[in-house]
file data.cif (mmCIF, C-alpha atoms)
data_input
#
loop_
_atom_site.label_atom_id
_atom_site.label_comp_id
_atom_site.auth_asym_id
_atom_site.auth_seq_id
_atom_site.Cartn_x
_atom_site.Cartn_y
_atom_site.Cartn_z
CA MET C 206 136.56 58.96 145.25
CA PRO C 207 135.21 61.74 143.00
CA THR C 208 132.61 60.80 140.50
CA ALA C 209 132.96 61.64 136.87
CA PRO C 210 130.85 64.62 135.81
CA THR C 211 127.62 63.72 134.18
CA PRO C 212 127.82 64.71 130.51
CA ARG C 213 125.32 67.31 129.45
CA SER C 214 122.90 66.20 126.84
CA ALA C 215 123.02 68.06 123.58
CA PRO C 216 120.10 70.39 122.97
CA SER C 217 117.30 68.72 121.15
CA SER C 218 116.78 69.54 117.54
CA SER C 219 113.35 70.95 118.36
CA THR C 220 114.89 73.32 120.93
CA ALA C 221 117.49 74.47 118.42
CA ALA C 222 114.83 74.92 115.78
CA ASP C 223 112.72 77.02 118.16
CA ALA C 224 115.61 79.31 119.17
CA ILE C 225 115.29 82.96 118.19
CA PRO C 226 118.64 84.22 116.85
CA ARG C 227 120.38 87.26 118.21
CA GLY C 228 119.32 90.40 116.40
CA ALA C 229 115.74 89.25 115.76
CA ALA C 230 114.21 91.90 118.03
CA ARG C 231 116.13 94.69 116.30
CA ALA C 232 115.16 93.31 112.90
CA LEU C 233 111.48 93.15 113.87
CA LEU C 234 111.54 96.67 115.34
CA LEU C 235 113.21 98.26 112.31
CA ALA C 236 111.04 96.36 109.82
CA THR C 237 107.87 97.42 111.66
CA LEU C 238 109.07 101.03 111.79
CA GLY C 239 109.83 101.01 108.07
CA PHE C 240 106.48 99.47 107.26
CA GLY C 241 104.69 102.08 109.37
CA LEU C 242 106.50 105.05 107.85
CA ASN C 243 105.94 103.86 104.30
CA PHE C 244 102.27 103.23 105.05
CA TRP C 245 102.05 106.74 106.48
CA ALA C 246 103.27 108.02 103.12
CA TRP C 247 101.01 105.62 101.22
CA ALA C 248 97.91 106.96 103.03
CA LEU C 249 98.63 110.69 102.76
CA LEU C 250 95.96 111.33 100.13
CA SER C 251 93.15 109.53 101.99
CA PRO C 252 92.30 112.23 104.55
CA LEU C 253 92.48 114.85 101.81
CA GLY C 254 89.68 113.25 99.77
CA PRO C 255 86.94 115.60 101.07
CA VAL C 256 89.34 118.57 100.73
CA VAL C 257 89.97 117.74 97.07
CA VAL C 258 86.21 117.90 96.46
CA GLU C 259 85.77 121.09 98.51
CA ARG C 260 88.54 122.81 96.53
CA GLY C 261 86.84 121.88 93.25
CA ILE C 262 89.80 119.85 91.98
CA ALA C 263 87.55 116.82 91.42
CA GLU C 264 83.84 116.12 91.78
CA ASP C 265 84.57 112.74 93.38
CA ALA C 266 87.82 111.88 95.17
CA SER C 267 87.34 108.11 95.03
CA LEU C 268 89.80 107.59 92.17
CA VAL C 269 92.37 109.95 93.71
CA VAL C 270 92.48 108.01 97.00
CA ALA C 271 92.20 104.61 95.30
CA ILE C 272 95.11 104.94 92.83
CA PRO C 273 97.88 104.56 95.46
CA VAL C 274 96.05 101.52 96.83
CA LEU C 275 95.92 99.86 93.41
CA VAL C 276 99.58 100.46 92.59
CA GLY C 277 100.75 99.56 96.08
CA SER C 278 98.81 96.32 95.82
CA LEU C 279 99.85 95.06 92.39
CA GLY C 280 103.43 96.16 93.02
CA ARG C 281 103.69 93.67 95.89
CA ILE C 282 103.83 90.75 93.47
CA PRO C 283 107.23 91.64 91.95
CA ILE C 284 108.48 93.16 95.24
CA GLY C 285 107.73 89.92 97.10
CA ALA C 286 109.68 87.87 94.56
CA LEU C 287 112.54 90.41 94.62
CA THR C 288 112.65 90.13 98.41
CA ASP C 289 113.19 86.36 98.11
CA ARG C 290 116.13 87.21 95.83
CA PHE C 291 117.76 90.28 97.44
CA GLY C 292 116.35 90.34 100.99
CA GLY C 293 114.77 93.00 103.15
CA ARG C 294 118.19 94.37 104.13
CA VAL C 295 118.51 95.84 100.62
CA LEU C 296 114.94 96.56 99.65
CA PHE C 297 113.64 98.36 102.77
CA PRO C 298 115.96 101.38 102.59
CA LEU C 299 115.77 101.45 98.79
CA ALA C 300 111.95 101.48 98.67
CA SER C 301 111.82 104.13 101.40
CA LEU C 302 114.08 106.46 99.44
CA VAL C 303 112.14 105.97 96.21
CA THR C 304 108.87 106.76 98.03
CA VAL C 305 110.28 110.16 99.03
CA ILE C 306 110.09 111.32 95.39
CA PRO C 307 106.28 111.20 94.94
CA VAL C 308 105.77 112.46 98.51
CA LEU C 309 107.73 115.63 97.77
CA PHE C 310 106.16 115.96 94.32
CA LEU C 311 102.68 116.02 95.87
CA GLY C 312 103.68 118.26 98.75
CA LEU C 313 105.40 120.87 96.60
CA GLY C 314 102.65 121.36 94.03
CA GLY C 315 101.31 118.09 92.65
CA GLN C 316 98.31 118.16 94.98
CA ASN C 317 96.98 121.34 93.33
CA SER C 318 95.65 119.64 90.18
CA LEU C 319 93.81 116.45 89.35
CA THR C 320 96.59 115.35 86.99
CA GLY C 321 99.21 115.96 89.66
CA LEU C 322 97.22 114.03 92.23
CA LEU C 323 96.80 111.04 89.91
CA VAL C 324 100.45 110.97 88.81
CA GLY C 325 101.76 111.53 92.33
CA GLY C 326 99.31 109.02 93.75
CA PHE C 327 100.43 106.42 91.20
CA PHE C 328 104.04 106.58 92.37
CA LEU C 329 102.98 107.01 95.98
CA GLY C 330 101.82 103.41 95.66
CA ILE C 331 105.47 102.33 95.98
CA GLY C 332 105.15 102.91 99.72
CA GLY C 333 102.40 100.33 99.87
CA THR C 334 104.58 97.63 98.32
CA THR C 335 106.87 97.56 101.37
CA PHE C 336 104.44 95.23 103.13
CA ALA C 337 105.68 92.41 100.88
CA ILE C 338 109.27 93.14 101.92
CA GLY C 339 108.68 92.81 105.64
CA VAL C 340 106.69 89.59 105.92
CA PRO C 341 109.35 87.27 104.41
CA TYR C 342 112.09 89.27 106.13
CA VAL C 343 110.46 88.84 109.56
CA ASN C 344 109.62 85.19 108.85
CA SER C 345 113.29 84.45 108.20
CA TRP C 346 114.18 85.59 111.72
CA PHE C 347 111.65 83.57 113.73
CA PRO C 348 110.92 79.84 114.17
CA PRO C 349 107.58 78.47 112.90
CA ALA C 350 105.99 78.47 116.37
CA LYS C 351 106.64 82.23 116.73
CA ARG C 352 105.94 83.48 113.21
CA GLY C 353 102.29 84.29 113.85
CA MET C 354 103.31 86.50 116.76
CA ALA C 355 106.17 88.08 114.77
CA THR C 356 104.16 88.86 111.64
CA GLY C 357 101.32 90.10 113.84
CA ILE C 358 103.65 92.57 115.55
CA TYR C 359 105.06 93.58 112.18
CA GLY C 360 101.51 94.21 111.02
CA VAL C 361 101.21 96.99 113.59
CA GLY C 362 103.05 99.02 110.97
CA MET C 363 99.76 99.39 109.14
CA GLY C 364 99.10 101.94 111.87
CA GLY C 365 100.95 104.34 109.62
CA THR C 366 97.56 104.97 108.08
CA ALA C 367 96.37 106.12 111.52
CA ILE C 368 99.25 108.62 111.68
CA SER C 369 98.08 110.01 108.37
CA ALA C 370 94.44 110.11 109.50
CA PHE C 371 95.31 111.91 112.75
CA THR C 372 97.86 114.40 111.40
CA THR C 373 97.32 115.22 107.73
CA LEU C 374 94.35 117.56 108.07
CA PRO C 375 95.50 119.32 111.26
CA LEU C 376 98.97 119.91 109.79
CA THR C 377 97.46 121.13 106.53
CA GLN C 378 95.11 123.54 108.30
CA SER C 379 97.65 124.89 110.79
CA LEU C 380 100.97 124.89 108.91
CA GLY C 381 100.04 124.69 105.24
CA PRO C 382 99.26 121.99 102.65
CA SER C 383 102.88 120.99 102.05
CA THR C 384 103.68 120.32 105.71
CA PRO C 385 102.48 116.69 106.10
CA PHE C 386 104.27 115.68 102.90
CA VAL C 387 107.59 117.35 103.79
CA LEU C 388 107.49 115.90 107.31
CA THR C 389 106.83 112.40 105.96
CA ALA C 390 109.67 112.73 103.44
CA ILE C 391 112.12 113.73 106.17
CA CYS C 392 111.11 110.72 108.30
CA LEU C 393 111.54 108.36 105.33
CA VAL C 394 115.03 109.66 104.57
CA ILE C 395 116.10 109.30 108.21
CA TYR C 396 114.70 105.77 108.31
CA ALA C 397 116.44 104.78 105.05
CA VAL C 398 119.81 105.85 106.47
CA ILE C 399 119.23 104.01 109.75
CA ALA C 400 118.04 100.88 107.95
CA PHE C 401 121.02 100.90 105.60
CA PHE C 402 123.45 100.75 108.53
CA LEU C 403 121.49 98.85 111.20
CA LEU C 404 119.02 96.50 109.49
CA PRO C 405 120.52 93.01 109.94
CA THR C 406 120.30 89.97 107.70
CA SER C 407 118.89 86.79 109.24
CA PRO C 408 121.39 83.92 109.61
CA HIS C 409 118.64 81.64 108.30
CA TRP C 410 117.98 83.62 105.12
CA THR C 411 119.31 82.40 101.81
CA SER C 412 118.86 84.14 98.50
CA ALA C 413 116.49 82.42 96.10
CA ARG C 414 118.49 81.85 92.93
CA SER C 415 115.66 80.94 90.59
CA SER C 416 114.25 83.61 88.32
CA VAL C 417 111.55 85.98 89.53
CA ILE C 418 109.23 84.73 86.80
CA GLY C 419 109.89 81.10 87.71
CA ARG C 420 109.12 81.67 91.39
CA THR C 421 106.01 83.62 90.52
CA LEU C 422 104.68 80.83 88.29
CA ALA C 423 105.50 78.25 90.97
CA VAL C 424 103.48 79.95 93.72
CA MET C 425 100.60 80.53 91.30
CA ARG C 426 100.20 76.74 91.21
CA LEU C 427 99.75 76.51 94.98
CA LYS C 428 96.15 76.28 96.17
CA VAL C 429 97.01 78.00 99.45
CA THR C 430 98.15 81.07 97.50
CA TRP C 431 94.69 81.71 96.11
CA GLN C 432 92.88 80.72 99.29
CA SER C 433 95.02 83.14 101.29
CA CYS C 434 94.50 85.82 98.64
CA TYR C 435 90.74 85.69 99.13
CA LEU C 436 91.01 85.69 102.92
CA TYR C 437 93.39 88.64 102.95
CA ALA C 438 91.37 90.55 100.38
CA LEU C 439 88.49 90.37 102.83
CA SER C 440 90.34 91.13 106.06
CA PHE C 441 93.13 93.56 105.16
CA GLY C 442 91.27 94.77 102.07
CA GLY C 443 88.31 95.60 104.28
CA PHE C 444 90.59 97.49 106.64
CA VAL C 445 92.14 99.51 103.81
CA ALA C 446 88.75 100.19 102.25
CA PHE C 447 87.31 101.54 105.48
CA SER C 448 90.41 103.57 106.32
CA VAL C 449 90.21 105.16 102.85
CA PHE C 450 86.47 105.59 102.45
CA LEU C 451 85.11 105.90 105.99
CA PRO C 452 85.56 109.71 106.20
CA THR C 453 83.36 110.12 103.12
CA MET C 454 80.90 107.51 104.33
CA LEU C 455 80.51 109.17 107.74
CA LYS C 456 80.04 112.58 106.15
CA ASN C 457 77.37 111.39 103.72
CA TRP C 458 75.57 108.94 106.02
CA TYR C 459 75.75 110.81 109.34
CA ASP C 460 76.40 114.44 108.29
CA LEU C 461 79.64 114.68 110.27
CA GLU C 462 82.17 117.46 109.82
CA THR C 463 85.31 116.53 107.88
CA SER C 464 87.55 116.73 110.95
CA ASP C 465 85.16 114.66 113.07
CA ALA C 466 84.90 111.99 110.38
CA SER C 467 88.69 111.85 110.05
CA PHE C 468 89.23 111.38 113.79
CA ARG C 469 86.59 108.65 113.97
CA THR C 470 88.32 106.93 111.06
CA ALA C 471 91.61 107.18 112.92
CA GLY C 472 89.96 105.46 115.89
CA PHE C 473 88.77 102.67 113.58
CA VAL C 474 92.32 102.25 112.29
CA VAL C 475 93.81 102.17 115.80
CA VAL C 476 91.46 99.38 116.91
CA ALA C 477 92.31 97.27 113.83
CA VAL C 478 96.03 97.88 114.26
CA LEU C 479 96.03 96.93 117.95
CA LEU C 480 94.10 93.72 117.27
CA ARG C 481 96.35 92.55 114.43
CA PRO C 482 99.14 91.19 116.68
CA LEU C 483 96.51 89.36 118.71
CA GLY C 484 95.42 87.62 115.50
CA GLY C 485 98.97 86.35 115.05
CA VAL C 486 99.34 85.25 118.68
CA LEU C 487 95.99 83.43 118.62
CA SER C 488 97.06 81.70 115.41
CA ASP C 489 100.18 80.37 117.12
CA ARG C 490 98.11 79.07 120.04
CA ILE C 491 94.82 77.81 118.57
CA GLY C 492 95.63 77.65 114.87
CA ALA C 493 95.21 80.24 112.13
CA ALA C 494 91.93 78.74 110.86
CA ARG C 495 90.16 79.09 114.20
CA ALA C 496 91.44 82.63 114.65
CA LEU C 497 90.20 83.52 111.17
CA LEU C 498 86.75 82.04 111.82
CA GLY C 499 86.41 84.16 114.95
CA SER C 500 87.42 87.30 113.09
CA TYR C 501 85.00 86.74 110.22
CA ILE C 502 82.11 86.06 112.57
CA ALA C 503 82.77 89.46 114.18
CA VAL C 504 82.85 91.18 110.76
CA ALA C 505 79.61 89.46 109.70
CA LEU C 506 77.78 90.50 112.87
CA ALA C 507 78.93 94.11 112.49
CA ALA C 508 77.84 94.17 108.84
CA LEU C 509 74.39 92.87 109.79
CA VAL C 510 73.98 95.81 112.17
CA LEU C 511 75.31 98.43 109.75
CA ILE C 512 72.99 97.36 106.94
CA ALA C 513 70.15 98.92 108.94
CA GLN C 514 72.07 102.25 109.20
CA PRO C 515 71.68 102.50 112.99
CA ALA C 516 72.18 105.73 114.91
CA LEU C 517 75.84 106.51 115.21
CA MET C 518 75.70 106.61 119.00
CA PRO C 519 75.90 104.10 120.45
CA LEU C 520 75.00 101.19 118.14
CA GLY C 521 76.65 102.40 114.95
CA THR C 522 79.92 103.23 116.72
CA LEU C 523 79.91 99.83 118.46
CA ALA C 524 79.36 98.09 115.11
CA PHE C 525 82.27 99.97 113.52
CA ILE C 526 84.52 99.04 116.47
CA VAL C 527 83.56 95.35 116.19
CA MET C 528 84.17 95.55 112.44
CA ALA C 529 87.63 97.05 113.03
CA ALA C 530 88.48 94.38 115.62
CA GLY C 531 87.41 91.55 113.30
CA LEU C 532 89.35 92.93 110.34
CA GLY C 533 92.45 93.47 112.50
CA LEU C 534 92.33 89.94 113.90
CA GLY C 535 91.87 88.48 110.43
CA SER C 536 94.74 90.49 108.96
CA GLY C 537 97.09 89.07 111.58
CA ALA C 538 95.86 85.52 111.21
CA VAL C 539 96.13 85.26 107.42
CA PHE C 540 99.91 85.60 107.36
CA ALA C 541 100.21 83.18 110.22
CA LEU C 542 98.34 80.81 107.92
CA VAL C 543 100.83 81.56 105.11
CA ALA C 544 103.76 80.88 107.46
CA GLN C 545 102.19 77.61 108.61
CA THR C 546 101.46 76.30 105.11
CA THR C 547 104.24 77.67 102.86
CA ASP C 548 107.88 76.69 102.35
CA ALA C 549 110.22 79.36 103.74
CA SER C 550 111.85 79.91 100.32
CA GLN C 551 108.47 80.83 98.82
CA VAL C 552 107.09 83.06 101.58
CA GLY C 553 108.11 86.27 99.82
CA SER C 554 106.53 85.29 96.51
CA VAL C 555 103.32 84.06 98.17
CA THR C 556 103.27 87.21 100.31
CA GLY C 557 103.45 89.29 97.14
CA PHE C 558 100.30 87.71 95.76
CA VAL C 559 98.45 87.74 99.08
CA GLY C 560 99.47 91.31 99.80
CA ALA C 561 98.33 92.34 96.33
CA ALA C 562 94.97 90.73 96.94
CA GLY C 563 94.67 92.59 100.23
CA GLY C 564 95.39 95.90 98.57
CA LEU C 565 92.99 95.19 95.71
CA GLY C 566 90.42 94.31 98.33
CA GLY C 567 90.86 97.87 99.51
CA PHE C 568 90.79 99.38 96.02
CA VAL C 569 87.48 98.04 94.76
CA PRO C 570 85.06 98.65 97.70
CA PRO C 571 85.43 102.47 97.81
CA LEU C 572 84.52 102.65 94.12
CA VAL C 573 81.60 100.26 94.65
CA MET C 574 80.38 102.12 97.73
CA ALA C 575 80.53 105.46 95.91
CA ALA C 576 78.55 104.03 92.97
CA VAL C 577 76.01 102.39 95.27
CA HIS C 578 75.45 105.60 97.22
CA ALA C 579 75.15 107.65 94.04
CA SER C 580 72.46 105.36 92.64
CA THR C 581 70.52 104.48 95.81
CA GLY C 582 71.27 107.24 98.32
CA THR C 583 72.43 104.69 100.91
CA TYR C 584 75.44 102.49 101.61
CA ALA C 585 73.33 99.56 102.83
CA PRO C 586 73.60 97.49 99.60
CA GLY C 587 77.38 97.87 99.69
CA VAL C 588 77.51 96.67 103.30
CA ALA C 589 75.32 93.71 102.29
CA LEU C 590 77.94 92.78 99.67
CA LEU C 591 80.57 92.87 102.42
CA LEU C 592 78.44 90.47 104.44
CA LEU C 593 78.23 88.02 101.53
CA ALA C 594 81.97 88.22 100.94
CA THR C 595 82.57 87.52 104.63
CA LEU C 596 80.39 84.42 104.54
CA GLY C 597 82.45 83.29 101.55
CA ALA C 598 85.61 83.77 103.61
CA VAL C 599 84.15 81.52 106.32
CA LEU C 600 83.69 78.75 103.74
CA VAL C 601 87.22 79.18 102.37
CA THR C 602 88.67 79.06 105.89
CA ILE C 603 86.83 75.81 106.60
CA ALA C 604 88.17 74.37 103.35
CA VAL C 605 91.76 75.36 104.25
CA SER C 606 91.38 73.80 107.70
CA ARG C 607 90.12 70.52 106.27
CA GLY C 608 92.93 70.47 103.71
CA ARG C 609 95.56 70.87 106.43
CA ARG C 610 94.02 68.06 108.49
CA ARG C 611 94.07 65.75 105.46
CA SER C 612 97.71 66.65 104.76
CA ALA C 613 98.67 65.99 108.39
CA ALA C 614 96.86 62.64 108.38
CA SER C 615 98.63 61.47 105.22
CA ALA C 616 102.09 62.61 106.38
#
call {"tool": "encode", "arguments": {"input": "data.cif", "output": "structure tokens"}}
result
Amino acid sequence: MPTAPTPRSAPSSSTAADAIPRGAARALLLATLGFGLNFWAWALLSPLGPVVVERGIAEDASLVVAIPVLVGSLGRIPIGALTDRFGGRVLFPLASLVTVIPVLFLGLGGQNSLTGLLVGGFFLGIGGTTFAIGVPYVNSWFPPAKRGMATGIYGVGMGGTAISAFTTLPLTQSLGPSTPFVLTAICLVIYAVIAFFLLPTSPHWTSARSSVIGRTLAVMRLKVTWQSCYLYALSFGGFVAFSVFLPTMLKNWYDLETSDASFRTAGFVVVAVLLRPLGGVLSDRIGAARALLGSYIAVALAALVLIAQPALMPLGTLAFIVMAAGLGLGSGAVFALVAQTTDASQVGSVTGFVGAAGGLGGFVPPLVMAAVHASTGTYAPGVALLLLATLGAVLVTIAVSRGRRRSAASA
């Protein structure tokens, strides 16, 4: 006599919660591509800093290369809140198209005067705000256990700065000063069209209906917002600062040629970019706090070595590589921390603040390093300040870890 079929048990709620919806891979790929292209545009002026000085347009290019960083950083606060409201599906193609305007302005003449560089660089900062679009967008596609990995992969888009470092000067020297700008503009337009038609909306995303100001004030009251701001200002801010200022630092400290300094900077950027996803993966496996502690220890050790201004080969190069690895790991781990500690409806707004802090962390150090070198003839005091800031980040990370343990115990 046949037996009745055994009924299948319904999938557990945890399994359903951990499922990655269809379309997530495409969303992550397109978001990462958009982030990378906009960061390529955002970093176009950085490799040209020494050229601006050589052409006599400015005595010091620090302000020229720092302006896009400042605008791109502060702009993430409203962009993050707008992403909670309108979603990455709308804002990614829109921001990419708007960024084309300053790119073409600079490429077709704005780069020939200090005023043009400052005005163009100001609006070029729009490209840097796209970071705050992608983090909440990617978070909405992935379950909590995979968000560190997902945001880490998305963070590879910061490699757009490496594209700029590798290509801007060679293209300028071989095909003319407008070439890198026109090429970047074309890529942004193509991406905007592709994103408009193919960028999907997560089935888990819902539009935040509260006002932008209300959401902003709400996340300002969260302790984790300010803790994450400091941590990201150190890790990603350090990455941005080095990617912007390292060509000048290598020229002044080690008498390198402009092209050699630019390629070494590109190598620094590549190491940091490749290590960022690992920071997210480690955060999923061992916890964001432990991953952050490891990254900051690496940065502190590298800073200790660089304070002594060692010979570039091999010790100085090794120290810069360790520094890049630590900053990359930390950049990936911070947003895993945000995903682990923040309500999904507030991720965009928190990301705006944290992203702004990261950008500001990249804006201030180049100005400080330039002032320190001008007054002392060495960058060692500036590197010592980085070491102190890193030790502060270690203390903040420990405080965040203890706070999470207390919250888990009381739950």
call {"tool": "residues_around", "arguments": {"input": "data.cif", "residues": "Trp410 in chain C", "least_positions_apart": "3", "cutoff": "10 Å", "atoms": "all atoms listed in the file", "output": "short mmCIF file (atom, residue, chain, number, x, y, z; two decimals) with C-alpha atoms, in the coordinates of the input"}}
result
data_model
loop_
_atom_site.label_atom_id
_atom_site.label_comp_id
_atom_site.auth_asym_id
_atom_site.auth_seq_id
_atom_site.Cartn_x
_atom_site.Cartn_y
_atom_site.Cartn_z
CA ASP C 289 113.19 86.36 98.11
CA GLY C 292 116.35 90.34 100.99
CA PRO C 341 109.35 87.27 104.41
CA TYR C 342 112.09 89.27 106.13
CA ASN C 344 109.62 85.19 108.85
CA SER C 345 113.29 84.45 108.20
CA TRP C 346 114.18 85.59 111.72
CA THR C 406 120.30 89.97 107.70
CA SER C 407 118.89 86.79 109.24
CA ALA C 413 116.49 82.42 96.10
CA ALA C 549 110.22 79.36 103.74
CA SER C 550 111.85 79.91 100.32
#
call {"tool": "resolve_selection", "arguments": {"input": "data.cif", "expression": "the PyMOL selection byres ((chain C and resi 572-584) around 9)", "output": "PyMOL selection string"}}
result
chain C and resi 265+267-268+271+450+454+457-458+512+514+568-571+585-589
call {"tool": "atom_distance", "arguments": {"input": "data.cif", "atom1": "CA of Tyr435 in chain C", "atom2": "CA of Val269 in chain C"}}
result
24.9 Å
call {"tool": "resolve_selection", "arguments": {"input": "data.cif", "expression": "the PyMOL selection byres ((chain C and resi 302-317) around 9)", "output": "count of residues only"}}
result
40
call {"tool": "closest_residue", "arguments": {"input": "data.cif", "among": "C:Ala236, C:Ala367, C:Val539, C:Ala516", "to": "Asp460 in chain C", "atoms": "all atoms listed in the file"}}
result
C:Ala516
call {"tool": "resolve_selection", "arguments": {"input": "data.cif", "expression": "the PyMOL selection byres ((chain C and resi 436) around 10)", "output": "list of chain:residue names"}}
result
C:Trp431, C:Gln432, C:Ser433, C:Cys434, C:Tyr435, C:Tyr437, C:Ala438, C:Leu439, C:Ser440, C:Phe441, C:Gly442, C:Leu497, C:Tyr501, C:Gly535, C:Ser536, C:Ala538, C:Val539, C:Phe540, C:Val559, C:Ala562, C:Gly563, C:Gly566, C:Ala594, C:Thr595, C:Gly597, C:Ala598, C:Val599, C:Val601, C:Thr602
call {"tool": "residues_near_point", "arguments": {"input": "data.cif", "point": "(98.6, 98.1, 110.5)", "cutoff": "12 Å", "atoms": "only C-alpha atoms", "output": "count of residues only"}}
result
50
call {"tool": "axis_aligned_box", "arguments": {"input": "data.cif", "around": "range 375-380 of chain C", "padding_each_side": "6 Å", "output": "AutoDock Vina command-line options"}}
result
--center_x 98.0 --center_y 122.1 --center_z 108.9 --size_x 17.9 --size_y 17.6 --size_z 16.7
call {"tool": "closest_residue", "arguments": {"input": "data.cif", "among": "C:Gly277, C:Thr547, C:Phe347, C:Leu233", "to": "Lys428 in chain C", "atoms": "all atoms listed in the file"}}
result
C:Thr547
call {"tool": "atom_distance", "arguments": {"input": "data.cif", "atom1": "CA of Ala507 in chain C", "atom2": "CA of Gly531 in chain C"}}
result
8.9 Å
call {"tool": "residues_around", "arguments": {"input": "data.cif", "residues": "Ser415 in chain C", "least_positions_apart": "2", "cutoff": "12 Å", "atoms": "all atoms listed in the file", "output": "VMD selection string"}}
result
chain C and resid 286 to 287 289 to 291 411 to 413 417 to 423 550 to 551 554
call {"tool": "closest_residue", "arguments": {"input": "data.cif", "among": "C:Arg281, C:Arg414, C:Arg294, C:His409", "to": "Leu565 in chain C", "atoms": "all atoms listed in the file"}}
result
C:Arg281
call {"tool": "residues_around", "arguments": {"input": "data.cif", "residues": "Gly280 in chain C", "least_positions_apart": "5", "cutoff": "10 Å", "atoms": "only C-alpha atoms", "output": "PyMOL selection string"}}
result
chain C and resi 274-275+285+330-335+337+557-558+560-561+564
call {"tool": "residues_around", "arguments": {"input": "data.cif", "residues": "Arg352 in chain C", "least_positions_apart": "3", "cutoff": "8 Å", "atoms": "all atoms listed in the file", "output": "list in words"}}
result
Val343, Asn344, Phe347, Pro348, Pro349, Ala355, Thr356, Gly485, Asp489, Ala541 and Ala544 of chain C
call {"tool": "atom_distance", "arguments": {"input": "data.cif", "atom1": "CA of Pro226 in chain C", "atom2": "CA of Ala350 in chain C"}}
result
13.9 Å
call {"tool": "residues_around", "arguments": {"input": "data.cif", "residues": "Ala524 in chain C", "least_positions_apart": "3", "cutoff": "9 Å", "atoms": "only C-alpha atoms", "output": "PyMOL selection string"}}
result
chain C and resi 504+506-511+519-521+527-529
